[in-house]
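Okay, structure first, notes after.
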Protein chains: 2
Amino acid sequence: MVFPNENDYKKQLTICDIASKAGVSISTVSRVINDSGLIGKKTTLKVQKIIEEMCYIPNEMARGLLRKASKTVGLIVPDLSNPFFVEFIKSVEEVVSRNGYILSLCNSNLNHDKEKQYIQQLAEKRADGIIFISTFVKNPEIILRLRDQIAIVAVQTEIEGIDCIETTDYLGIIEGVQHLIDLGHKKIGFIYWGPEVKATQNRYKAFEHALIKNGIEVKEEYIIAGGFTGESGYFMTKKLLELPDPPTAIQAGNDSFAFGAYLAIMESGLKIPDDISIVGFDNIMMANISNPPLTTVSQPIYTMGQEAAELLIQNISQGPKEVNKKIVLPTKLIVRGSTAPPKGE
Amino acid sequence: MVFPNENDYKKQLTICDIASKAGVSISTVSRVINDSGLIGKKTTLKVQKIIEEMCYIPNEMARGLLRKASKTVGLIVPDLSNPFFVEFIKSVEEVVSRNGYILSLCNSNLNHDKEKQYIQQLAEKRADGIIFISTFVKNPEIILRLRDQIAIVAVQTEIEGIDCIETTDYLGIIEGVQHLIDLGHKKIGFIYWGPEVKATQNRYKAFEHALIKNGIEVKEEYIIAGGFTGESGYFMTKKLLELPDPPTAIQAGNDSFAFGAYLAIMESGLKIPDDISIVGFDNIMMANISNPPLTTVSQPIYTMGQEAAELLIQNISQGPKEVNKKIVLPTKLIVRGSTAPPKGE
DNA sequence: GTGAAAGCGCTAACAC
DNA sequence: GTGTTAGCGCTTTCAC
């Protein structure tokens with residue numbers, strides 16, 4: 001180690017060093033840094049020059065302690081291997097950083113304990129706000145209690161008393177399934193995360209709804225839950241294909257699963273959409289460039305991130321409100337090349 | 001607003017509240033929280049119960065001010081739309097969070113000013129460490145100066161005096177290009193970020209080297225730089241295809257560009273690999289499931305992230321060392337379906 | 001215009 | 001075992 005004394009490393013310049021070097025008081029330096037406009041031009045210039053020369057960097061922790069703000073917002077996502085969340089992160093990061101905040105990224109991996117631990121950590125760090133997307137939230141009380149200290153926005157996760165960004169995903173799934181039915185499909189599979197995740201539970205109900213509305217029996221073996229990793233779309237589809245009477249079409253709970261399905265189908269020697277049709281959900285970038293291009297239900301990913309971040313920042317500056325806000329964004333079916341009538345029609 | 005007085009919101013419980021409620025001193029509470037083992041069982045239990053009941057959350061900013069540690073590490077990436085970086089982030093996040101740190105994600109978008117601003121912000125927050133990957137780093141002095149205060153690890157970016165994680169990417173590109181040459185290609189295009197980014201500059205040199213070694217002329221019009229957004233692979237390839245005598249094969253600087261190339265080629269009605277061969281670089285997940293599967297040079301993405309994070313954490317606890325460490329990880333050509341001999345061979 | 005001084009919430013000697 | 005006290009680096013009244 002370069003420094004024999006552990007404390008020499010980490011010895012940082014403080015406002016006092018600048019003050020004494022400049023021959024002024026620390027309050028003067030502080031005022032210059034925060035350009036309060038109260039300090040004379042000459043002093044200001046002198047202090048600024050010394051700060052520059054000595055490479056002084058203000059300590060945001062000390063500042064934050066006093067101001068009760070950390071200029072940090074946390075973002076808790078369930079799965080980094082799903083491009084949908086990455087595009088969401090990207091748009092949140094953009095807004096947040098433009099407003100001077102830094103993003104703390106927390107990947108819960110759909111693990112409830114990890115999620116809880118992250119919330120605790122963010123609270124200890126006194127994050128100014130937290131955005132959740134598609135989470136478990138088994139214990140909403142934890143979040144509700146934080147609400148008085150930390151601004152919170154939930155995306156695709158309805159929590160009583162918390163502002164949220166939703167989409168018309170219920171209708172979206174119905175549209176997707178209806179498209180399949182209109183093409184002539186009757187044996188339709190559904191692959192999704194599972195009922196534990198609020199965001200997808202809703203989509204399952206929509207799937208059921210669409211079938212029932214069209215007088216099609218809901219077959220339990222066509223519904224596969226439990227996709228908690230990146231490749232689960234692949235495994236869920238394999239299960240579907242191994243069925244004695246496999247479905248002729250699959251509605252996926254998200255595009256990531258749809259592409260997992262692509263792989264399983266390619267492997268089994270079947271052709272999309274000739275042998276089997278696929279409808280995705282989200283409309284991630286890849287949906288457009290895959291082969292065949294994916295028919296999917298689009299969600300306005302970019303707008304969702306933007307709205308979430310803007311709402312959060314607004315909440316940070318205004319404190320908790322009495323009525324909680326809910327923004328609903330539209331979904332839309334986009335027909336591309338992965339859907340066709342079933343064979344023999 | 002719920003709270004008429006702005007200060008009531010944000011009023012947080014402190015160690016003092018707990019102490020007075022428990023009828024002990026604040027140091028006792030502090031000791032219980034940090035389970036120093038010095039406090040009697042009965043007192044410990046009593047204090048813990050009160051902390052639980054009152055939902056007290058320690059203030060990490062106050063703690064950090066004293067301990068000179070923020071339990072935060074920053075990660076600066078150039079482009080979130082490239083899956084390579086996302087996989088990298090994922091593996092860094094995993095290691096970092098397992099060690100009790102929180103990840104501050106900074107997307108520079110290959111913008112030099114933004115990168116600089118992020119570094120400043122992370123320094124102000126007193127991040128315990130920073131990981132850079134494939135950055136500009138126009139002014140290494142800034143980083144070098146921070147080195148005494150903040151642990152730093154650079155990935156695919158050599159900076160004098162900074163620990164780094166490299167791969168044999170020079171050899172990797174040579175292997176990729178050699179594969180193309182061995183197949184019979186002589187007209188080979190190269191699409192990459194550009195010479196400003198150190199990580200890719202190196203790959204360009206390797207490309208040149210491979211051609212020269214085989215006695216093939218380096219044609220300037222076959223080398224396209226300037227891919228700074230997600231879709232640039234697409235645009236760069238279009239330029240290549242519009243040439244009067246277009247290349248029969250393309251070596252891409254990364255897989256993201258390779259898939260942009262796929263799109264441009266599909267659009268122009270050509271077939272991969274029949275009409276044109278593509279070699280990627282990175283071996284992102286998608287390379288395996290694309291159609292055709294992408295021949296590419298793999299980098300051990302997951303290991304790179306892991307090694308970077310572990311090295312950083314080690315540096316954090318040990319302080320700067322005299323000799324800087326350099327870890328070199330292997331690349332490997334993976335031949336899949338996107339390469340074939342040129343037409344008419 | 002500028003300085004002195006009182007904390008922000010916490011940890012860690014140092015006492016007893 | 002537990003309490004007292006002195007700061008960590010900064011902002012912000014309140015003086016002058």
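Just remember, in the structure tokens the first chain shown is A, the second B, etc., residues are 1-based per chain, and ligands are 1-based in the order shown.
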- Task: May I have the residues of chain C within 12 Å of chain B, counting only C-alpha atoms (C1' of nucleotides), written as a PyMOL selection string?
- Result: chain C and resi 8-13
- Quick one: pick out all strand (DSSP E) residues within stretch 36-75 of chain B from a backbone DSSP run and write them as a ChimeraX atom specification. /B:72-75
Restricted to C-alpha atoms, what would the selected residues look like written as a PDB file, in the first residue's frame?
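The result, written out as result_28.pdb:
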```pdb
ATOM      1  CA  THR B  72     -21.909   2.668  -3.227  1.00  0.00           C
ATOM      2  CA  VAL B  73     -20.040   1.808  -6.362  1.00  0.00           C
ATOM      3  CA  GLY B  74     -20.498   3.587  -9.646  1.00  0.00           C
ATOM      4  CA  LEU B  75     -20.571   1.874 -13.009  1.00  0.00           C
TER       5      LEU B  75
END
```
- Query: What residues in chain B have any atom no more than 7 Å from chain D when counting only C-alpha atoms (C1' of nucleotides), and can you write them as a list in words?
  - Reply: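 Output check: Ser25, Thr28, Leu38, Ile39, Gly40, Leu65 and Leu66 of chain B.
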- Message: Applying 7 Å and only C-alpha atoms (C1' of nucleotides), which residues near B:Gly305 remain after dropping the ones on its own chain fewer than 4 positions away? List them as a ChimeraX atom specification.
- Response: /B:88-89,91-92,301,309
- Message: Only residues of chain B matter here; which ones have an atom within 8 Å of chain A, counting only C-alpha atoms? Give them as a VMD selection string.
- Response: chain B and resid 1 to 2 9 to 12 57 to 62 64 to 65 68 80 to 81 86 to 87 90 93 102 to 107 120 to 121 123 to 126 148 to 149 263 289 to 291 318 to 322
- Could you give me the residues within stretch 98-127 of chain B that DSSP places in alpha helix (DSSP H), as a ChimeraX atom specification? /B:98,112-124
Selection above as a file: C-alpha atoms, as a short mmCIF file (atom, residue, chain, number, x, y, z; two decimals), in the first residue's frame:
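Result file follows (result-v8.cif):
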```
data_model
loop_
_atom_site.label_atom_id
_atom_site.label_comp_id
_atom_site.auth_asym_id
_atom_site.auth_seq_id
_atom_site.Cartn_x
_atom_site.Cartn_y
_atom_site.Cartn_z
CA ARG B 98 -23.68 -9.60 -2.57
CA HIS B 112 -17.81 12.96 -23.11
CA ASP B 113 -19.40 15.74 -21.08
CA LYS B 114 -21.92 13.42 -19.54
CA GLU B 115 -19.18 11.03 -18.59
CA LYS B 116 -17.25 13.81 -16.91
CA GLN B 117 -20.32 14.98 -15.06
CA TYR B 118 -20.99 11.47 -13.78
CA ILE B 119 -17.46 11.14 -12.49
CA GLN B 120 -17.85 14.40 -10.61
CA GLN B 121 -21.18 13.31 -9.16
CA LEU B 122 -19.81 9.98 -8.05
CA ALA B 123 -16.86 11.69 -6.45
CA GLU B 124 -19.14 14.09 -4.59
#
```
- Could you pull the residues within 8 Å of stretch 246-252 of chain B, counting only C-alpha atoms (C1' of nucleotides), minus those fewer than 3 positions along the same chain, as a PyMOL selection string? chain B and resi 176-177+180+185-192+222+240-243+255+257-258+275-281+342
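With atom CA of B:Thr296 on one side and atom CA of B:Pro330 on the other, the separation reads 13.8 Å.
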- Nearby residues (only C-alpha atoms (C1' of nucleotides)) at most 9 Å from B:Ile33, same-chain spacing under 6 positions excluded, as a ChimeraX atom specification: /B:44,47-48,58
- Message: Please list as a list in words every residue within 7 Å of B:Val328, counting only C-alpha atoms (C1' of nucleotides) and excluding residues in the same chain fewer than 5 positions away.
- Response: Ile165, Glu166, Thr167 and Thr168 of chain B
Save out the residues we just selected, N, CA and C atoms, as a PDB file, in the first residue's frame.
```pdb
ATOM      1  N   ILE B 165      -9.228  -4.756 -16.593  1.00  0.00           N
ATOM      2  CA  ILE B 165      -9.628  -6.049 -17.101  1.00  0.00           C
ATOM      3  C   ILE B 165      -9.622  -5.941 -18.626  1.00  0.00           C
ATOM      4  N   GLU B 166      -8.834  -6.787 -19.238  1.00  0.00           N
ATOM      5  CA  GLU B 166      -8.766  -6.768 -20.693  1.00  0.00           C
ATOM      6  C   GLU B 166      -9.159  -8.133 -21.232  1.00  0.00           C
ATOM      7  N   THR B 167      -9.353  -8.203 -22.537  1.00  0.00           N
ATOM      8  CA  THR B 167      -9.465  -9.514 -23.159  1.00  0.00           C
ATOM      9  C   THR B 167      -8.467  -9.541 -24.304  1.00  0.00           C
ATOM     10  N   THR B 168      -8.290 -10.694 -24.863  1.00  0.00           N
ATOM     11  CA  THR B 168      -7.398 -10.813 -26.013  1.00  0.00           C
ATOM     12  C   THR B 168      -8.166 -10.405 -27.264  1.00  0.00           C
TER      13      THR B 168
END
```
